[in-house]
$ cat coords15.csv   # CSV, C-alpha atoms
chain,number,residue,atom,x,y,z
A,170,MET,CA,0.0,0.0,0.0
A,171,ARG,CA,1.0,3.6,-0.5
A,172,VAL,CA,1.2,5.9,2.6
A,173,ALA,CA,1.1,9.7,2.5
A,174,VAL,CA,2.3,11.7,5.5
A,175,LEU,CA,1.0,15.2,5.1
A,176,ASP,CA,2.1,18.7,6.1
A,177,ASP,CA,5.5,17.8,7.6
A,178,TYR,CA,6.5,21.5,7.6
A,179,LEU,CA,9.6,20.9,9.7
A,180,ASN,CA,10.8,17.7,8.0
A,181,VAL,CA,10.7,15.7,11.3
A,182,ALA,CA,8.3,12.9,10.4
A,183,ARG,CA,10.9,10.3,9.3
A,184,ALA,CA,13.2,11.0,12.2
A,185,SER,CA,10.4,11.0,14.8
A,186,ALA,CA,9.4,7.3,14.4
A,187,ASP,CA,10.7,4.0,13.1
A,188,TRP,CA,9.0,3.7,9.7
A,189,SER,CA,11.2,0.7,8.8
A,190,VAL,CA,8.6,-1.6,10.3
A,191,LEU,CA,6.6,-0.9,7.1
A,192,ASP,CA,9.3,-2.1,4.8
A,193,GLY,CA,7.9,-4.6,2.3
A,194,ARG,CA,4.3,-3.7,3.4
A,195,ALA,CA,3.9,-0.1,2.4
A,196,ASP,CA,5.7,2.7,0.5
A,197,LEU,CA,6.1,6.0,2.3
A,198,THR,CA,5.7,9.5,0.7
A,199,VAL,CA,6.1,12.6,2.9
A,200,PHE,CA,4.6,15.9,1.8
A,201,HIS,CA,6.3,18.9,3.4
A,202,GLU,CA,4.3,21.8,2.0
A,203,ALA,CA,0.6,22.6,2.5
A,204,PHE,CA,-1.7,22.0,-0.4
A,205,ASP,CA,-2.9,25.2,-2.0
A,206,ASP,CA,-6.6,24.0,-2.0
A,207,ALA,CA,-8.8,21.0,-2.0
A,208,GLU,CA,-8.3,20.4,-5.7
A,209,ALA,CA,-4.5,20.2,-5.1
A,210,ALA,CA,-5.0,17.8,-2.2
A,211,VAL,CA,-7.3,15.5,-4.3
A,212,THR,CA,-4.8,15.5,-7.2
A,213,ALA,CA,-1.9,14.6,-5.0
A,214,LEU,CA,-3.6,11.9,-2.9
A,215,GLN,CA,-5.8,10.0,-5.3
A,216,SER,CA,-3.4,7.0,-5.6
A,217,PHE,CA,-2.8,6.6,-1.8
A,218,GLU,CA,-4.5,4.0,0.4
A,219,ILE,CA,-3.3,5.4,3.7
A,220,VAL,CA,-3.1,9.1,4.7
A,221,VAL,CA,-1.6,10.5,7.9
A,222,ALA,CA,-2.9,14.0,8.5
A,223,MET,CA,-1.2,16.4,10.9
A,224,ARG,CA,-4.0,17.8,13.0
A,225,GLU,CA,-6.3,20.1,11.0
A,226,ARG,CA,-3.7,21.3,8.5
A,227,THR,CA,-5.4,19.5,5.6
A,228,PRO,CA,-9.2,19.3,5.7
A,229,PHE,CA,-11.0,16.2,4.7
A,230,PRO,CA,-14.6,17.1,4.1
A,231,ARG,CA,-17.1,14.9,2.3
A,232,ALA,CA,-16.4,16.5,-1.0
A,233,VAL,CA,-12.7,15.6,-0.8
A,234,LEU,CA,-13.2,12.1,0.6
A,235,GLU,CA,-15.6,11.2,-2.3
A,236,ARG,CA,-12.8,11.9,-4.7
A,237,LEU,CA,-10.2,9.6,-3.0
A,238,PRO,CA,-11.4,6.2,-4.3
A,239,ASN,CA,-8.3,4.3,-3.1
A,240,LEU,CA,-8.3,5.6,0.5
A,241,LYS,CA,-8.7,2.9,3.1
A,242,LEU,CA,-7.2,4.3,6.3
A,243,LEU,CA,-7.1,8.0,7.4
A,244,ILE,CA,-5.1,8.8,10.5
A,245,THR,CA,-5.2,12.1,12.4
A,246,THR,CA,-2.6,13.0,15.0
A,247,GLY,CA,-4.6,13.5,18.2
A,248,MET,CA,-8.0,11.9,18.8
A,249,ARG,CA,-10.1,14.9,17.7
A,250,ASN,CA,-10.1,16.5,14.3
A,251,LEU,CA,-12.9,18.8,13.2
A,252,ALA,CA,-11.4,19.1,9.7
A,253,ILE,CA,-12.3,15.4,9.0
A,254,ASP,CA,-15.8,14.3,8.2
A,255,VAL,CA,-15.6,11.1,10.1
A,256,ALA,CA,-19.1,10.0,9.3
A,257,ALA,CA,-18.5,10.5,5.6
A,258,ALA,CA,-15.3,8.6,5.8
A,259,ARG,CA,-16.8,5.6,7.6
A,260,LYS,CA,-19.8,5.6,5.1
A,261,ARG,CA,-17.2,5.1,2.4
A,262,GLY,CA,-15.6,2.3,4.3
A,263,VAL,CA,-12.6,4.3,5.3
A,264,VAL,CA,-11.2,3.5,8.8
A,265,VAL,CA,-10.4,6.7,10.8
A,266,CYS,CA,-7.8,6.3,13.6
A,267,GLY,CA,-6.0,8.8,15.9
A,268,THR,CA,-3.0,9.0,18.1
A,269,ARG,CA,-2.1,10.1,21.6
A,270,SER,CA,-1.2,13.8,22.1
A,271,ASP,CA,0.3,15.5,25.1
A,272,LYS,CA,-1.4,18.6,26.4
A,273,ALA,CA,1.6,20.0,28.2
A,274,PRO,CA,3.4,21.6,25.1
A,275,THR,CA,0.4,23.8,24.4
A,276,ALA,CA,0.2,24.9,28.0
A,277,GLU,CA,3.9,25.7,27.9
A,278,LEU,CA,3.6,27.8,24.8
A,279,THR,CA,0.6,29.6,26.3
A,280,TRP,CA,2.9,30.7,29.2
A,281,ALA,CA,5.7,31.7,26.8
A,282,LEU,CA,3.2,34.0,25.1
A,283,ILE,CA,1.8,35.4,28.3
A,284,LEU,CA,5.3,36.2,29.6
A,285,GLY,CA,6.4,37.4,26.2
A,286,LEU,CA,3.5,40.0,26.2
A,287,ALA,CA,4.0,41.0,29.9
A,288,ARG,CA,7.7,41.5,29.6
A,289,ASN,CA,8.0,42.8,26.1
A,290,VAL,CA,10.3,40.0,25.0
A,291,ALA,CA,9.9,40.4,21.3
A,292,THR,CA,10.0,44.2,21.4
A,293,ASP,CA,13.1,44.3,23.5
A,294,HIS,CA,14.8,41.6,21.5
A,295,ALA,CA,14.2,43.6,18.3
A,296,ALA,CA,15.5,46.8,20.1
A,297,MET,CA,18.7,45.0,21.2
A,298,ARG,CA,19.3,43.6,17.7
A,299,ALA,CA,18.9,47.2,16.4
A,300,GLY,CA,21.5,48.5,18.9
A,301,GLY,CA,19.0,49.8,21.4
A,302,TRP,CA,18.2,49.1,25.0
A,303,GLN,CA,15.1,49.0,27.2
A,304,SER,CA,12.0,50.0,25.3
A,305,ARG,CA,9.1,49.9,27.8
A,306,VAL,CA,8.2,48.9,31.4
A,307,GLY,CA,7.1,45.3,31.8
A,308,VAL,CA,4.0,44.1,33.6
A,309,GLY,CA,4.3,42.1,36.8
A,310,LEU,CA,1.8,39.2,37.0
A,311,GLY,CA,1.7,38.6,40.7
A,312,GLY,CA,-1.7,39.7,42.2
A,313,ARG,CA,-3.2,40.2,38.8
A,314,THR,CA,-6.1,38.2,37.4
A,315,LEU,CA,-5.7,35.4,35.0
A,316,GLY,CA,-9.0,34.6,33.2
A,317,LEU,CA,-9.3,31.1,31.6
A,318,LEU,CA,-11.9,30.7,29.0
A,319,GLY,CA,-12.3,26.9,29.5
A,320,LEU,CA,-10.9,24.7,32.2
A,321,GLY,CA,-10.1,21.4,30.6
A,322,SER,CA,-6.8,19.6,30.6
A,323,ILE,CA,-4.8,22.4,29.1
A,324,GLY,CA,-6.7,25.2,31.0
A,325,THR,CA,-5.9,23.3,34.2
A,326,LEU,CA,-2.2,23.2,33.5
A,327,VAL,CA,-2.2,27.0,32.6
A,328,ALA,CA,-4.1,27.7,35.9
A,329,ARG,CA,-1.6,25.9,38.0
A,330,ALA,CA,1.3,27.9,36.5
A,331,GLY,CA,-0.7,31.1,37.1
A,332,GLN,CA,-1.2,30.2,40.7
A,333,THR,CA,2.5,29.6,41.0
A,334,PHE,CA,3.1,33.2,39.8
A,335,GLY,CA,0.7,34.4,42.5
A,336,MET,CA,-2.2,35.3,40.2
A,337,ASP,CA,-5.8,35.3,41.1
A,338,VAL,CA,-7.2,32.7,38.6
A,339,VAL,CA,-10.8,32.8,37.5
A,340,ALA,CA,-12.6,30.8,34.8
A,341,TRP,CA,-15.7,30.7,32.7
A,342,SER,CA,-17.3,28.7,29.9
A,343,GLN,CA,-20.8,27.6,29.1
A,344,ASN,CA,-20.3,24.2,30.7
A,345,LEU,CA,-18.0,25.0,33.6
A,346,THR,CA,-19.4,24.5,37.1
A,347,ALA,CA,-18.3,26.1,40.3
A,348,GLU,CA,-17.5,22.6,41.7
A,349,ARG,CA,-15.2,21.8,38.8
A,350,ALA,CA,-13.4,25.1,39.1
A,351,ALA,CA,-13.0,24.6,42.9
A,352,GLU,CA,-11.3,21.3,42.2
A,353,VAL,CA,-8.5,23.2,40.5
A,354,GLY,CA,-8.5,26.0,43.1
A,355,VAL,CA,-10.1,28.4,40.6
A,356,ARG,CA,-13.1,30.6,41.0
A,357,ARG,CA,-15.9,30.4,38.4
A,358,VAL,CA,-17.3,33.8,37.7
A,359,ALA,CA,-20.2,35.0,35.6
A,360,ARG,CA,-19.6,35.8,31.9
A,361,GLU,CA,-19.5,39.6,32.1
A,362,GLU,CA,-17.4,39.6,35.2
A,363,PHE,CA,-15.0,37.2,33.6
A,364,PHE,CA,-14.2,39.5,30.7
A,365,GLU,CA,-14.2,42.6,32.8
A,366,SER,CA,-11.8,41.3,35.5
A,367,ALA,CA,-9.2,39.5,33.4
A,368,ASP,CA,-5.8,41.1,33.2
A,369,VAL,CA,-4.7,38.2,31.1
A,370,LEU,CA,-7.4,36.2,29.2
A,371,SER,CA,-6.3,32.8,27.8
A,372,ILE,CA,-8.5,30.7,25.6
A,373,HIS,CA,-8.8,26.9,26.2
A,374,VAL,CA,-12.2,25.8,24.9
A,375,VAL,CA,-12.6,23.6,21.8
A,376,LEU,CA,-14.1,24.9,18.6
A,377,SER,CA,-17.8,24.2,18.2
A,378,ASP,CA,-20.9,25.9,17.0
A,379,ARG,CA,-21.3,27.3,20.5
A,380,THR,CA,-17.8,28.7,20.8
A,381,ARG,CA,-17.3,30.0,17.2
A,382,GLY,CA,-17.1,33.8,17.6
A,383,LEU,CA,-17.5,33.5,21.4
A,384,VAL,CA,-15.1,36.4,21.9
A,385,GLY,CA,-16.4,39.2,19.7
A,386,ALA,CA,-16.6,42.9,19.7
A,387,ARG,CA,-18.9,43.0,22.7
A,388,GLU,CA,-16.6,40.8,24.8
A,389,LEU,CA,-13.5,42.6,23.8
A,390,GLY,CA,-15.2,45.9,24.7
A,391,LEU,CA,-15.8,44.6,28.3
A,392,MET,CA,-12.1,44.0,28.8
A,393,LYS,CA,-9.7,46.4,30.4
A,394,THR,CA,-7.6,48.6,28.1
A,395,THR,CA,-4.5,47.2,30.0
A,396,ALA,CA,-5.5,43.5,29.4
A,397,PHE,CA,-3.8,40.9,27.3
A,398,LEU,CA,-5.6,38.2,25.2
A,399,VAL,CA,-3.9,34.9,24.3
A,400,ASN,CA,-5.3,32.3,21.9
A,401,THR,CA,-3.6,28.9,21.6
A,402,SER,CA,-6.8,27.0,21.0
A,403,ARG,CA,-8.6,27.7,17.7
A,404,ALA,CA,-8.8,31.0,15.7
A,405,PRO,CA,-12.5,31.2,15.0
A,406,ILE,CA,-13.3,31.4,18.7
A,407,VAL,CA,-12.1,35.0,18.5
A,408,ASP,CA,-13.6,37.4,16.0
A,409,GLU,CA,-10.5,38.3,14.0
A,410,ALA,CA,-11.7,41.7,12.7
A,411,ALA,CA,-12.9,42.7,16.1
A,412,LEU,CA,-9.6,41.8,17.7
A,413,ILE,CA,-7.6,43.8,15.1
A,414,ALA,CA,-9.8,46.8,15.6
A,415,ALA,CA,-9.4,46.6,19.4
A,416,LEU,CA,-5.6,46.5,19.0
A,417,ASP,CA,-5.5,49.2,16.4
A,418,GLU,CA,-7.6,51.5,18.6
A,419,GLY,CA,-5.6,50.8,21.8
A,420,ARG,CA,-8.6,49.1,23.5
A,421,LEU,CA,-6.3,46.2,24.5
A,422,ALA,CA,-2.7,46.4,25.7
A,423,GLY,CA,-1.8,43.4,23.5
A,424,ALA,CA,-2.6,40.0,22.2
A,425,ALA,CA,-0.8,36.8,21.3
A,426,LEU,CA,-2.0,34.3,18.7
A,427,ASP,CA,-0.8,30.8,17.8
A,428,VAL,CA,-3.8,29.9,15.7
A,429,TYR,CA,-5.3,31.5,12.6
A,430,ASP,CA,-8.4,31.2,10.3
A,431,GLN,CA,-6.1,30.4,7.4
A,432,GLU,CA,-2.9,28.4,7.9
A,433,PRO,CA,-0.2,28.8,7.0
A,434,LEU,CA,-1.0,32.5,7.5
A,435,PRO,CA,-0.7,34.4,4.1
A,436,GLY,CA,2.3,36.7,3.9
A,437,ASP,CA,0.1,39.7,3.2
A,438,HIS,CA,-2.4,39.0,6.0
A,439,PRO,CA,-3.3,42.1,8.1
A,440,LEU,CA,-2.4,40.3,11.3
A,441,ARG,CA,1.2,40.4,10.3
A,442,ARG,CA,1.0,44.2,10.3
A,443,THR,CA,-1.0,44.7,13.5
A,444,GLU,CA,0.7,46.4,16.4
A,445,ARG,CA,0.6,45.1,20.0
A,446,LEU,CA,0.4,41.6,18.6
A,447,LEU,CA,2.7,38.7,19.3
A,448,LEU,CA,2.5,35.9,16.7
A,449,THR,CA,3.7,32.3,16.6
A,450,PRO,CA,3.1,29.8,13.7
A,451,HIS,CA,0.7,27.3,15.4
A,452,MET,CA,3.5,25.7,17.5
A,453,GLY,CA,1.5,24.9,20.6
A,454,TYR,CA,1.5,21.1,20.1
A,455,VAL,CA,4.8,21.1,18.1
A,456,SER,CA,7.4,19.8,20.5
A,457,ASP,CA,10.0,17.1,20.0
A,458,THR,CA,8.3,14.8,22.5
A,459,ASN,CA,4.8,15.3,21.0
A,460,MET,CA,6.0,14.8,17.4
A,461,ALA,CA,7.6,11.5,18.5
A,462,THR,CA,4.4,10.3,20.3
A,463,MET,CA,2.1,11.2,17.4
A,464,TYR,CA,4.3,9.8,14.6
A,465,ARG,CA,5.1,6.6,16.5
A,466,ASP,CA,1.4,6.0,17.2
A,467,ALA,CA,0.7,6.7,13.5
A,468,VAL,CA,3.1,4.0,12.5
A,469,ALA,CA,1.5,1.6,15.1
A,470,ASP,CA,-1.9,2.5,13.7
A,471,ILE,CA,-0.8,1.6,10.2
A,472,VAL,CA,0.7,-1.7,11.3
A,473,ALA,CA,-2.4,-2.6,13.2
A,474,PHE,CA,-4.6,-1.8,10.2
A,475,LEU,CA,-2.4,-3.9,7.9
A,476,ASP,CA,-2.7,-6.8,10.5
A,477,GLY,CA,-6.5,-6.5,10.3
A,478,ALA,CA,-7.0,-5.2,13.9
A,479,PRO,CA,-7.2,-1.3,13.8
A,480,VAL,CA,-6.5,0.5,17.0
A,481,ARG,CA,-7.6,4.0,18.3
A,482,GLU,CA,-10.5,4.1,15.9
A,483,ILE,CA,-12.5,7.4,15.9
A,484,VAL,CA,-16.2,6.6,15.6

$ encode --input "coords15.csv" --output "structure tokens"
Amino acid sequence: MRVAVLDDYLNVARASADWSVLDGRADLTVFHEAFDDAEAAVTALQSFEIVVAMRERTPFPRAVLERLPNLKLLITTGMRNLAIDVAAARKRGVVVCGTRSDKAPTAELTWALILGLARNVATDHAAMRAGGWQSRVGVGLGGRTLGLLGLGSIGTLVARAGQTFGMDVVAWSQNLTAERAAEVGVRRVAREEFFESADVLSIHVVLSDRTRGLVGARELGLMKTTAFLVNTSRAPIVDEAALIAALDEGRLAGAALDVYDQEPLPGDHPLRRTERLLLTPHMGYVSDTNMATMYRDAVADIVAFLDGAPVREIV
């Protein structure tokens, strides 16, 4: 069988796992660049029986799946992928499997972004490179309020670090209960109070119909002009145009983004020119340990499928 590994931007797939166990059973092709569109994806993948997708980098809606007649196994890294129409795949007899994925790397990057905003790391780095020195006063986090939009596994890790820094940690989401928040030593507050009180607002809910556009112009308008917003979850949770306007008009002190409506982010995208904005290229889950876990599990998924006993099926 032919195996396609997609969107290996950093050329780490082959080194992250032992693909030699597939020798004599499958031929491996690694794609390092993103496909321009669905048509390009279909053209490139029509002859492959097995596809390994890296998170949501390449979408597999019904319209794409229907044009991949040879596809038998579709693997996504992680166990949740909103870019794959799992029902459509299974209807066509395609087995969909996932892999394990560590939550800690995303929490770690979240804190890198929070600290980068608070202490002007990127600005001061650029000033130093240009021959300058200190550019502005940093913000101390102790005693300030960390607001977590979502308190799942990643939000909980971010909360614990905030508590270590001496921050008052509050949380809100549609499903969050006071009891669940108390288990983590966090206070659940009402929606308006949440946005009004946060000095740092960090987003950790999953993308769904209920969370799409959850942080819009009204919510941003409730926030302090001295507040920071950080999004390492999914871009559509925040209204992009409203965020750009808030930053351009000085209604937020700053924001940091690791996720975007279109990825890779186009070179001429307005976010690249927005002031008070710290950007990283969707690196939250991209750590050496996580890449190894995901690609090793992908290899194991392929072997199990070839042996007739698929594992980690997503149903």

$ atom_distance --input "coords15.csv" --atom1 "CA of Arg420 (chain A)" --atom2 "CA of Val290 (chain A)"
21.0 Å

$ closest_atom_pairs --input "coords15.csv" --of "region 205-262 of chain A" --to "region 368-380 of chain A" --cutoff "12 Å" --atoms "all atoms listed in the file" --output "JSON lines"
{"residue": "A:Glu225", "atom": "CA", "partner": "A:Leu376", "partner_atom": "CA", "distance": 11.9}
{"residue": "A:Arg249", "atom": "CA", "partner": "A:Val375", "partner_atom": "CA", "distance": 9.9}
{"residue": "A:Asn250", "atom": "CA", "partner": "A:Leu376", "partner_atom": "CA", "distance": 10.2}
{"residue": "A:Leu251", "atom": "CA", "partner": "A:Leu376", "partner_atom": "CA", "distance": 8.2}
{"residue": "A:Ala252", "atom": "CA", "partner": "A:Leu376", "partner_atom": "CA", "distance": 11.0}

$ atom_distance --input "coords15.csv" --atom1 "CA of Leu310 (chain A)" --atom2 "CA of Leu284 (chain A)"
8.7 Å

$ residues_near_point --input "coords15.csv" --point "(-2.7, 28.4, 18.4)" --cutoff "8 Å" --atoms "all atoms listed in the file" --output "number ranges by chain"
A: 400-404, 426-429, 449-453

$ residues_around --input "coords15.csv" --residues "Thr314 (chain A)" --least-positions-apart "4" --cutoff "7 Å" --atoms "all atoms listed in the file" --output "list in words"
Met336, Asp337, Val338, Ser366, Ala367, Asp368 and Val369 of chain A

$ write_last_selection --input "coords15.csv" --atoms "C-alpha atoms" --output "mmCIF file, keeping the file's coordinate frame"
data_model
loop_
_atom_site.group_PDB
_atom_site.id
_atom_site.type_symbol
_atom_site.label_atom_id
_atom_site.label_comp_id
_atom_site.auth_asym_id
_atom_site.auth_seq_id
_atom_site.Cartn_x
_atom_site.Cartn_y
_atom_site.Cartn_z
ATOM 1 C CA MET A 336 -2.200 35.300 40.200
ATOM 2 C CA ASP A 337 -5.800 35.300 41.100
ATOM 3 C CA VAL A 338 -7.200 32.700 38.600
ATOM 4 C CA SER A 366 -11.800 41.300 35.500
ATOM 5 C CA ALA A 367 -9.200 39.500 33.400
ATOM 6 C CA ASP A 368 -5.800 41.100 33.200
ATOM 7 C CA VAL A 369 -4.700 38.200 31.100
#

$ decode --input "coords15.csv" --residues "region 328-339 of chain A" --atoms "C-alpha atoms" --output "short mmCIF file (atom, residue, chain, number, x, y, z; two decimals), in the first residue's frame"
data_model
loop_
_atom_site.label_atom_id
_atom_site.label_comp_id
_atom_site.auth_asym_id
_atom_site.auth_seq_id
_atom_site.Cartn_x
_atom_site.Cartn_y
_atom_site.Cartn_z
CA ALA A 328 -4.14 27.65 35.86
CA ARG A 329 -1.55 25.88 38.01
CA ALA A 330 1.28 27.94 36.53
CA GLY A 331 -0.72 31.12 37.10
CA GLN A 332 -1.21 30.18 40.73
CA THR A 333 2.54 29.64 41.03
CA PHE A 334 3.06 33.21 39.83
CA GLY A 335 0.67 34.42 42.53
CA MET A 336 -2.15 35.31 40.17
CA ASP A 337 -5.83 35.28 41.06
CA VAL A 338 -7.21 32.69 38.63
CA VAL A 339 -10.82 32.84 37.46
#
